[in-house]
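S.K.: A single structure is presented below for examination.
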Amino acid sequence: MGKKYTVLLADLDNTLLDFDLAERTAVSRLLMQYGKNPDKKLTDAYSAYNDSLWKRLELGEITRTQLIDMRFVEFFKANGINGDGKSAAALYEKNLSECAPWIDGAKELLNKCRGKIRVYIISNGTARVQLPRVRASGIDKMTDGYFISELVGYNKPDPRYFEKVRECIPDFAPDKTLVLGDSLTADIAGGAAFGLDTCLFDRYGTYTENQAVKPDHIITELSQIYKLLDI
């Protein structure tokens, strides 16, 4: 028999909700609002730039406010798009807040956990974007709570983020808690640094053993975690 987990800390984006799809939808809608054709080259360029900014946020190189203020200012400048980048950021967030597509198997996972293991959402997202998505998807009613970094006051992988999570979960037992997420640098590194077991959701099969961060478990489909959780 494996370890009996009582708490699952599940990342939101690209673990339970399909952020890649939501982002493409939101940025495509924005580009059309600015009279641009949202072709794959342009949407991929935004995704790569946005991802690089979130990595810098995780490392503490920039603040959340700087990330939000600069991402469309720089993206517009680099791609010859006329418009106020700060106004575009607000439009994008509104678009994104309305997009909450599920990852395959995520709803089934939450249903199987109900009454057997407590599930809490851990997210580095912005509250005004994530809260509507959590509610629109119904995840707020299918889980035991959620921790959005902007409201917590710290970002994953900062140990202070996980300390806040520990303080807010009744009867929290680190040795019976599993972190599930798609990000090595935020979810897996953060959970491991706090002494928690970790499970990488490697949806695209890109993880290689030579990477510095080593998850305790790796799955490529969410249903593979059922055995691990004994549900």
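So you can find residues: chains in the structure tokens are A, B, ... in the order shown, residues in each start at 1, and ligands are numbered from 1 in order.
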I'd like a table as a Markdown table: residues in segment 27-126 of chain A with an atom no more than 10 Å from segment 182-195 of chain A, each row giving the shortest atom pair and its distance in Å to one decimal, only C-alpha atoms counted, sorted by chain and rising residue number.

M.R.:
```
| residue | atom | partner | partner_atom | distance |
| --- | --- | --- | --- | --- |
| A:Trp54 | CA | A:Ala186 | CA | 9.9 |
| A:Lys55 | CA | A:Thr185 | CA | 8.0 |
| A:Glu58 | CA | A:Ala186 | CA | 6.8 |
| A:Leu59 | CA | A:Thr185 | CA | 9.0 |
| A:Ile122 | CA | A:Asp187 | CA | 8.5 |
| A:Ser123 | CA | A:Asp187 | CA | 9.0 |
| A:Asn124 | CA | A:Ala186 | CA | 8.4 |
```

S.K.: So which bits of segment 50-173 of chain A end up alpha helix (DSSP H) when you DSSP the backbone, as a PyMOL selection string?

M.R.: chain A and resi 50-58+64-78+85-97+106-113+127-137+139-142+149-152+159-168

S.K.: Give me, as a VMD selection string, all polymer residues having an atom no more than 9 Å from segment 94-99 of chain A, counting only C-alpha atoms and skipping those fewer than 3 positions away in the same chain.

M.R.: chain A and resid 19 21 to 23 25 to 27 29 to 30 89 to 91 128 to 133 136 to 137

S.K.: Using only C-alpha atoms, find the one residue out of A:Ala78, A:Leu229, A:Ala88, A:Ile169 that sits nearest to Tyr5 of chain A.

M.R.: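 Smallest distance to Tyr5 of chain A is found for A:Leu229.
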
S.K.: What separation in Å, quoted to one decimal, exists between atom CA of Val7 of chain A and atom CA of Arg118 of chain A?

M.R.: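 That distance, rounded to one decimal, is 4.8 Å.
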
S.K.: Would you pick out the contacts of Glu221 of chain A at 8 Å or less, using only C-alpha atoms, so that residues sharing its chain but fewer than 5 positions from it are not included, and give the list as a list in words?

M.R.: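 The residues satisfying every condition are Gly105, Phe201, Asp202 and Arg203 of chain A.
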